[in-house]
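K.L.:
Attaching a single structure in structure tokens format; questions to follow.
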Amino acid sequence: MRPVTFTAHNHVTLLHCGAEFFPALIAAIDEARFELYLETYIFALDLTGEAVKDALVRAAERGVMVNVVTDWLGTGHRQSVLLNEVLNAGRVNHRVFNSWFRRGLARSHRKICVVDRQVAFLGGLNINHDYISDDGFNEPLPAPRWDLAVRIRGPLVSSIYHDVQAQWLMLKGLSLRHRWELFRERRKTGHTLGEGPAMAAYVVRDNLRNRRTIQKTYLKALGNARRTAMLANPYFAPGRKLRDGLAAAAARGVKVTLLIGVGQFRIQDAVAHSFYPKLLKSGVRIVEYRKTQLHGKVAVIDDEWSTVGSSNWDGLSLLINHEANVVVKDAAFARTLRKTIEAAVAEGVVVRMEDYVNIPWYERAWYGAASMLYKGILRIITLGRYTE
């Protein structure tokens with residue numbers, strides 16, 4: 001596992017939903033002078049996607065080198081082909097991650113943009129419209145998708161830049177020697193500066209040295225929690241270690257609040273529900289967010305430690321996909337993120353043990369069957385690592 005290293009003196013700004021994220025992203029693209037990298041799981045050519053695409057093309061027309069990576073499965077084959085034609089026509093370089101599963105099952109689930117090596121964006125937002133579901137059905141949402149990202153300025157941008165540059169070069173199809181050289185360079189990125197405000201670290205999950213880095217980062221933070229832990233995630237199906245980490249924190253008196261998105265995928269909801277009884281018994285407060293699609297992957301612990309990123313709490317994100325999170329040690333940022341989560345919790349529905357006990361037997365049987373099916377599939381494709 002690659003060690004998590006922090007840099008000081010970063011300026012990290014929380015961006016809530018597309019209303020804050022996309023104007024900031026497009027403004028940064030429009031200010032680009034020489035180089036821009038963008039990675040996203042989904043790039044939909046809807047109203048929002050067209051606006052981002054136009055900004056990328058404008059940058060390329062100014063002479064900026066614009067490199068875009070999209071995931072083949074997330075964006076879809078037909079959309080990937082169309083997007084490639086549109087971007088290339090605008091002199092934007094475009095590469096697709098793992099088309100037709102040629103590199104195995106891994107997906108690039110990261111959402112990152114780095115502009116001129118000076119500013120970076122990272123979080124959970126894909127390039128798609130806030131009011132349209134992102135599950136392929138294009139259903140209108142009753143409210144903007146609940147999602148979060150950060151804008152970063154400062155020394156941490158260098159680490160993010162070197163990583164996205166390496167990802168771009170890897171997709172070109174390098175020789176084994178060049179891949180080894182890139183791997184060595186990526187080991188060197190990440191350094192620690194002196195203590196100061198906005199200490200932050202770039203934490204990734206890949207299938208090389210960082211296979212468990214995000215999971216272990218969460219486990220360490222939960223293990224160190226003393227007072228409060230607030231976590232929000234849309235797809236809750238973690239392995240045993242993370243579930244035990246939540247339960248252990250609650251058992252020793254930490255006020256643990258888990259905000260879970262529901263209503264998008266029936267089987268996903270059933271898997272999450274199968275974990276409720278043990279978590280509730282341990283003292284974890286579970287709140288379901290039903291107002292609209294919850295897509296943010298964030299956490300705040302003790303108003304000191306916080307994270308924003310792309311990694312869900314499920315087997316795909318924690319054990320298969322390429323993911324990217326930012327961990328921030330800054331009280332002011334943590335308070336801002338906590339208040340954002342608390343506002344969503346206030347809009348949610350608290351799950352109570354007595355309500356769960358009264359659920360009909362056939363619903364509980366469905367939860368158990370869904371959980372067994374999910375665990376079985378994940379154990380096969382992760383070669384048994386899902387239980388971790």
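So you can find residues: chains in the structure tokens are A, B, ... in the order shown, residues in each start at 1, and ligands are numbered from 1 in order.
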Please identify all polymer residues within 6 Å of Ser306 of chain A, counting only C-alpha atoms, omitting same-chain residues fewer than 4 positions from it, and present them as a list of chain:residue names.

P.N.:
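With the cut-off at 6 Å, the set is A:Ala299, A:Val300, A:Val327, A:Val328, A:Ala334.
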
K.L.:
Please provide the set of residues having any atom within 7 Å of segment 241-253 of chain A, restricted to only C-alpha atoms, with same-chain residues fewer than 3 positions apart removed, written as a PyMOL selection string.

P.N.:
chain A and resi 219+222-223+225+238+256+279+282-284+388

K.L.:
Only N, CA and C atoms, please: the residues just picked out, written as a PDB file, in the first residue's frame.

P.N.:
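Everything below was put into again_16.pdb:
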```
ATOM      1  N   LEU A 219     -10.772   3.226   7.362  1.00  0.00           N
ATOM      2  CA  LEU A 219     -10.681   2.433   8.590  1.00  0.00           C
ATOM      3  C   LEU A 219      -9.837   3.135   9.648  1.00  0.00           C
ATOM      4  N   LEU A 222     -11.912   6.060  11.084  1.00  0.00           N
ATOM      5  CA  LEU A 222     -12.939   5.568  12.000  1.00  0.00           C
ATOM      6  C   LEU A 222     -12.322   5.055  13.300  1.00  0.00           C
ATOM      7  N   GLY A 223     -11.166   4.416  13.202  1.00  0.00           N
ATOM      8  CA  GLY A 223     -10.505   3.910  14.394  1.00  0.00           C
ATOM      9  C   GLY A 223     -10.032   5.018  15.319  1.00  0.00           C
ATOM     10  N   ALA A 225     -11.621   7.980  15.523  1.00  0.00           N
ATOM     11  CA  ALA A 225     -12.758   8.856  15.855  1.00  0.00           C
ATOM     12  C   ALA A 225     -13.015   8.862  17.353  1.00  0.00           C
ATOM     13  N   PRO A 238     -20.399  -2.339   1.756  1.00  0.00           N
ATOM     14  CA  PRO A 238     -18.984  -2.561   2.068  1.00  0.00           C
ATOM     15  C   PRO A 238     -18.733  -3.967   2.586  1.00  0.00           C
ATOM     16  N   VAL A 256     -22.183   8.036  15.327  1.00  0.00           N
ATOM     17  CA  VAL A 256     -22.008   7.693  13.914  1.00  0.00           C
ATOM     18  C   VAL A 256     -23.326   7.884  13.174  1.00  0.00           C
ATOM     19  N   LEU A 279     -25.939  -2.933  12.261  1.00  0.00           N
ATOM     20  CA  LEU A 279     -25.457  -1.561  12.431  1.00  0.00           C
ATOM     21  C   LEU A 279     -26.329  -0.802  13.424  1.00  0.00           C
ATOM     22  N   SER A 282     -25.628  -1.788  16.962  1.00  0.00           N
ATOM     23  CA  SER A 282     -24.357  -1.266  17.472  1.00  0.00           C
ATOM     24  C   SER A 282     -24.437   0.215  17.811  1.00  0.00           C
ATOM     25  N   GLY A 283     -25.532   0.879  17.394  1.00  0.00           N
ATOM     26  CA  GLY A 283     -25.696   2.289  17.706  1.00  0.00           C
ATOM     27  C   GLY A 283     -25.480   3.228  16.538  1.00  0.00           C
ATOM     28  N   VAL A 284     -25.272   2.689  15.339  1.00  0.00           N
ATOM     29  CA  VAL A 284     -25.122   3.537  14.152  1.00  0.00           C
ATOM     30  C   VAL A 284     -26.483   4.127  13.778  1.00  0.00           C
ATOM     31  N   GLU A 388     -13.125  -8.501   2.878  1.00  0.00           N
ATOM     32  CA  GLU A 388     -12.205  -7.699   3.670  1.00  0.00           C
ATOM     33  C   GLU A 388     -12.858  -6.411   4.153  1.00  0.00           C
TER      34      GLU A 388
END
```

K.L.:
Could you pull out all residues of segment 26-171 of chain A with a DSSP call of strand (DSSP E or B) and give them as a ChimeraX atom specification?

P.N.:
/A:35-40,43,65-71,93-97,108,112-115,119-123,127,132,140,146,148-153

K.L.:
Measuring between only C-alpha atoms, which one of A:Asn93, A:Ser310, A:Thr228, A:Thr70 shows the shortest distance to Leu56 of chain A?

P.N.:
A:Asn93

K.L.:
Find, counting only C-alpha atoms, the residue in A:His11, A:His162, A:His77, A:Lys339 that gets nearest to Phe97 of chain A.

P.N.:
A:His77

K.L.:
So, with only C-alpha atoms as the atoms that count, which of A:Gly261, A:Gly136, A:Gly123, A:Gly76 lies closest to Val326 of chain A?

P.N.:
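Result for the nearest residue to Val326 of chain A: A:Gly123.
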
K.L.:
Could you name the residues that touch Asn128 of chain A at 7 Å or less, counting only C-alpha atoms, but leaving out those on the same chain fewer than 4 positions away, as a PyMOL selection string?

P.N.:
chain A and resi 43-44+46+48-49

K.L.:
Show which residues sit within 10 Å of Gln165 of chain A, as a ChimeraX atom specification. Count only C-alpha atoms, and ignore same-chain residues fewer than 4 positions away.

P.N.:
/A:36-38,67,114,160-161,169-170,182,186

K.L.:
Show me, as a list in words, the residues that have an atom within 8 Å of segment 312-319 of chain A when counting only C-alpha atoms, minus same-chain residues fewer than 5 positions from it.

P.N.:
His109, Arg205, Arg211, Arg212, Ile214, Gln215, Asn233, Pro234, Tyr235, Phe236, Ala237, Pro238, Gly239, Lys297, Leu378, Thr382, Arg385 and Tyr386 of chain A

K.L.:
Create the file for the chosen residues now, containing N, CA, C and O atoms and written as an mmCIF file, in the first residue's frame.

P.N.:
```
data_model
loop_
_atom_site.group_PDB
_atom_site.id
_atom_site.type_symbol
_atom_site.label_atom_id
_atom_site.label_comp_id
_atom_site.auth_asym_id
_atom_site.auth_seq_id
_atom_site.Cartn_x
_atom_site.Cartn_y
_atom_site.Cartn_z
ATOM 1 N N HIS A 109 -13.555 5.126 -12.527
ATOM 2 C CA HIS A 109 -14.700 5.791 -11.911
ATOM 3 C C HIS A 109 -14.312 7.176 -11.384
ATOM 4 O O HIS A 109 -15.089 7.834 -10.717
ATOM 5 N N ARG A 205 -7.352 4.593 -5.560
ATOM 6 C CA ARG A 205 -7.444 3.141 -5.575
ATOM 7 C C ARG A 205 -7.202 2.679 -6.998
ATOM 8 O O ARG A 205 -7.826 3.146 -7.947
ATOM 9 N N ARG A 211 -4.326 -0.861 -4.002
ATOM 10 C CA ARG A 211 -5.535 -1.672 -4.079
ATOM 11 C C ARG A 211 -6.452 -1.503 -2.870
ATOM 12 O O ARG A 211 -7.663 -1.668 -2.988
ATOM 13 N N ARG A 212 -5.896 -1.163 -1.706
ATOM 14 C CA ARG A 212 -6.716 -1.037 -0.497
ATOM 15 C C ARG A 212 -6.541 0.315 0.186
ATOM 16 O O ARG A 212 -6.956 0.494 1.322
ATOM 17 N N ILE A 214 -7.807 3.437 -0.175
ATOM 18 C CA ILE A 214 -8.984 4.205 0.241
ATOM 19 C C ILE A 214 -9.687 3.510 1.398
ATOM 20 O O ILE A 214 -10.080 4.154 2.388
ATOM 21 N N GLN A 215 -9.847 2.205 1.323
ATOM 22 C CA GLN A 215 -10.506 1.477 2.407
ATOM 23 C C GLN A 215 -9.725 1.632 3.708
ATOM 24 O O GLN A 215 -10.308 1.899 4.771
ATOM 25 N N ASN A 233 -23.119 8.211 1.384
ATOM 26 C CA ASN A 233 -22.736 7.387 0.245
ATOM 27 C C ASN A 233 -23.975 6.833 -0.430
ATOM 28 O O ASN A 233 -24.937 6.461 0.253
ATOM 29 N N PRO A 234 -23.960 6.748 -1.758
ATOM 30 C CA PRO A 234 -25.171 6.299 -2.445
ATOM 31 C C PRO A 234 -25.325 4.784 -2.537
ATOM 32 O O PRO A 234 -26.440 4.272 -2.536
ATOM 33 N N TYR A 235 -24.213 4.061 -2.627
ATOM 34 C CA TYR A 235 -24.271 2.615 -2.853
ATOM 35 C C TYR A 235 -23.545 1.925 -1.701
ATOM 36 O O TYR A 235 -22.330 1.753 -1.734
ATOM 37 N N PHE A 236 -24.303 1.536 -0.684
ATOM 38 C CA PHE A 236 -23.724 1.026 0.548
ATOM 39 C C PHE A 236 -23.716 -0.492 0.537
ATOM 40 O O PHE A 236 -24.745 -1.141 0.733
ATOM 41 N N ALA A 237 -22.547 -1.077 0.294
ATOM 42 C CA ALA A 237 -22.386 -2.526 0.348
ATOM 43 C C ALA A 237 -20.927 -2.852 0.636
ATOM 44 O O ALA A 237 -20.260 -3.531 -0.140
ATOM 45 N N PRO A 238 -20.399 -2.339 1.756
ATOM 46 C CA PRO A 238 -18.984 -2.561 2.068
ATOM 47 C C PRO A 238 -18.733 -3.967 2.586
ATOM 48 O O PRO A 238 -19.652 -4.677 2.998
ATOM 49 N N GLY A 239 -17.463 -4.351 2.589
ATOM 50 C CA GLY A 239 -17.076 -5.619 3.167
ATOM 51 C C GLY A 239 -17.149 -5.584 4.681
ATOM 52 O O GLY A 239 -17.479 -4.568 5.296
ATOM 53 N N LYS A 297 -20.031 11.147 -2.223
ATOM 54 C CA LYS A 297 -19.262 10.167 -1.451
ATOM 55 C C LYS A 297 -18.338 10.958 -0.524
ATOM 56 O O LYS A 297 -17.203 11.307 -0.896
ATOM 57 N N LEU A 378 -19.441 -10.663 -6.025
ATOM 58 C CA LEU A 378 -18.246 -9.881 -5.692
ATOM 59 C C LEU A 378 -17.086 -10.761 -5.268
ATOM 60 O O LEU A 378 -15.928 -10.475 -5.584
ATOM 61 N N THR A 382 -13.651 -10.582 -7.336
ATOM 62 C CA THR A 382 -12.523 -10.023 -6.576
ATOM 63 C C THR A 382 -11.629 -11.126 -6.018
ATOM 64 O O THR A 382 -10.738 -10.845 -5.208
ATOM 65 N N ARG A 385 -11.681 -11.243 -2.198
ATOM 66 C CA ARG A 385 -11.270 -10.080 -1.406
ATOM 67 C C ARG A 385 -12.448 -9.259 -0.899
ATOM 68 O O ARG A 385 -12.263 -8.365 -0.076
ATOM 69 N N TYR A 386 -13.669 -9.512 -1.369
ATOM 70 C CA TYR A 386 -14.811 -8.696 -0.962
ATOM 71 C C TYR A 386 -15.065 -8.766 0.528
ATOM 72 O O TYR A 386 -15.549 -7.799 1.119
#
```

K.L.:
With only C-alpha atoms as the basis for distance, which of A:Ala55, A:Val351, A:Leu280, A:Val96 is at the shortest distance from Leu83 of chain A?

P.N.:
A:Val96

K.L.:
Find the residues near segment 340-348 of chain A: any atom within 10 Å, counting only C-alpha atoms, skip ones fewer than 5 places away on the same chain, and give them as number ranges by chain.

P.N.:
A: 14, 16, 146, 148, 230-232, 257-261, 286-291, 294, 296, 298-300, 334-335

K.L.:
Could you check which of A:Arg352, A:Arg107, A:Lys329, A:Arg226 is closest to His9 of chain A, using only C-alpha atoms?

P.N.:
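Result for the nearest residue to His9 of chain A: A:Lys329.
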
K.L.:
Leaving out Leu15 of chain A and any residue of its chain fewer than 6 positions from it, which residues lie within 7 Å of it when counting only C-alpha atoms, given as an MDAnalysis selection string?

P.N.:
chainID A and resid 21 148:150

K.L.:
Okay, now the selection with all heavy atoms, as a PDB file, in the first residue's frame?

P.N.:
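Result written to part-v7.pdb:
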```
ATOM      1  N   PHE A  21     -20.627  23.408  -9.053  1.00  0.00           N
ATOM      2  CA  PHE A  21     -19.480  22.739  -9.672  1.00  0.00           C
ATOM      3  C   PHE A  21     -19.261  23.135 -11.128  1.00  0.00           C
ATOM      4  O   PHE A  21     -18.146  23.517 -11.513  1.00  0.00           O
ATOM      5  CB  PHE A  21     -19.657  21.222  -9.564  1.00  0.00           C
ATOM      6  CG  PHE A  21     -18.612  20.426 -10.307  1.00  0.00           C
ATOM      7  CD1 PHE A  21     -17.323  20.344  -9.814  1.00  0.00           C
ATOM      8  CD2 PHE A  21     -18.923  19.771 -11.499  1.00  0.00           C
ATOM      9  CE1 PHE A  21     -16.347  19.608 -10.496  1.00  0.00           C
ATOM     10  CE2 PHE A  21     -17.968  19.042 -12.177  1.00  0.00           C
ATOM     11  CZ  PHE A  21     -16.680  18.958 -11.673  1.00  0.00           C
ATOM     12  N   LEU A 148     -21.140  16.219  -4.459  1.00  0.00           N
ATOM     13  CA  LEU A 148     -20.151  17.163  -3.963  1.00  0.00           C
ATOM     14  C   LEU A 148     -18.804  16.961  -4.643  1.00  0.00           C
ATOM     15  O   LEU A 148     -18.435  15.847  -5.028  1.00  0.00           O
ATOM     16  CB  LEU A 148     -19.966  17.000  -2.447  1.00  0.00           C
ATOM     17  CG  LEU A 148     -21.180  17.380  -1.594  1.00  0.00           C
ATOM     18  CD1 LEU A 148     -21.118  16.713  -0.241  1.00  0.00           C
ATOM     19  CD2 LEU A 148     -21.263  18.885  -1.437  1.00  0.00           C
ATOM     20  N   ALA A 149     -18.080  18.062  -4.778  1.00  0.00           N
ATOM     21  CA  ALA A 149     -16.719  18.042  -5.311  1.00  0.00           C
ATOM     22  C   ALA A 149     -15.918  19.116  -4.603  1.00  0.00           C
ATOM     23  O   ALA A 149     -16.461  19.888  -3.802  1.00  0.00           O
ATOM     24  CB  ALA A 149     -16.732  18.277  -6.823  1.00  0.00           C
ATOM     25  N   VAL A 150     -14.631  19.164  -4.889  1.00  0.00           N
ATOM     26  CA  VAL A 150     -13.780  20.213  -4.333  1.00  0.00           C
ATOM     27  C   VAL A 150     -12.957  20.849  -5.451  1.00  0.00           C
ATOM     28  O   VAL A 150     -12.638  20.202  -6.454  1.00  0.00           O
ATOM     29  CB  VAL A 150     -12.822  19.680  -3.239  1.00  0.00           C
ATOM     30  CG1 VAL A 150     -13.583  19.316  -1.991  1.00  0.00           C
ATOM     31  CG2 VAL A 150     -12.002  18.502  -3.753  1.00  0.00           C
TER      32      VAL A 150
END
```

K.L.:
Using only C-alpha atoms, can you tell me which of A:Ala324, A:Ala370, A:Met199, A:Val164 comes closest to Thr7 of chain A?

P.N.:
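Checking each candidate against Thr7 of chain A, we get A:Met199 as the closest.
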
K.L.:
To one decimal place, how far is atom CA of Val204 of chain A from atom CA of Asn325 of chain A in Å?

P.N.:
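Taking atom CA of Val204 of chain A as the start and atom CA of Asn325 of chain A as the end point, the length is 6.2 Å.
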
K.L.:
Between atom CA of Val64 of chain A and atom CA of Gln79 of chain A, measure the distance and give it in Å to one decimal.

P.N.:
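That distance, rounded to one decimal, is 24.4 Å.
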
K.L.:
Report, in Å to a single decimal, how far apart atom CA of His322 of chain A and atom CA of Asp206 of chain A are.

P.N.:
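Taking atom CA of Asp206 of chain A and atom CA of His322 of chain A, their separation equals 4.8 Å.
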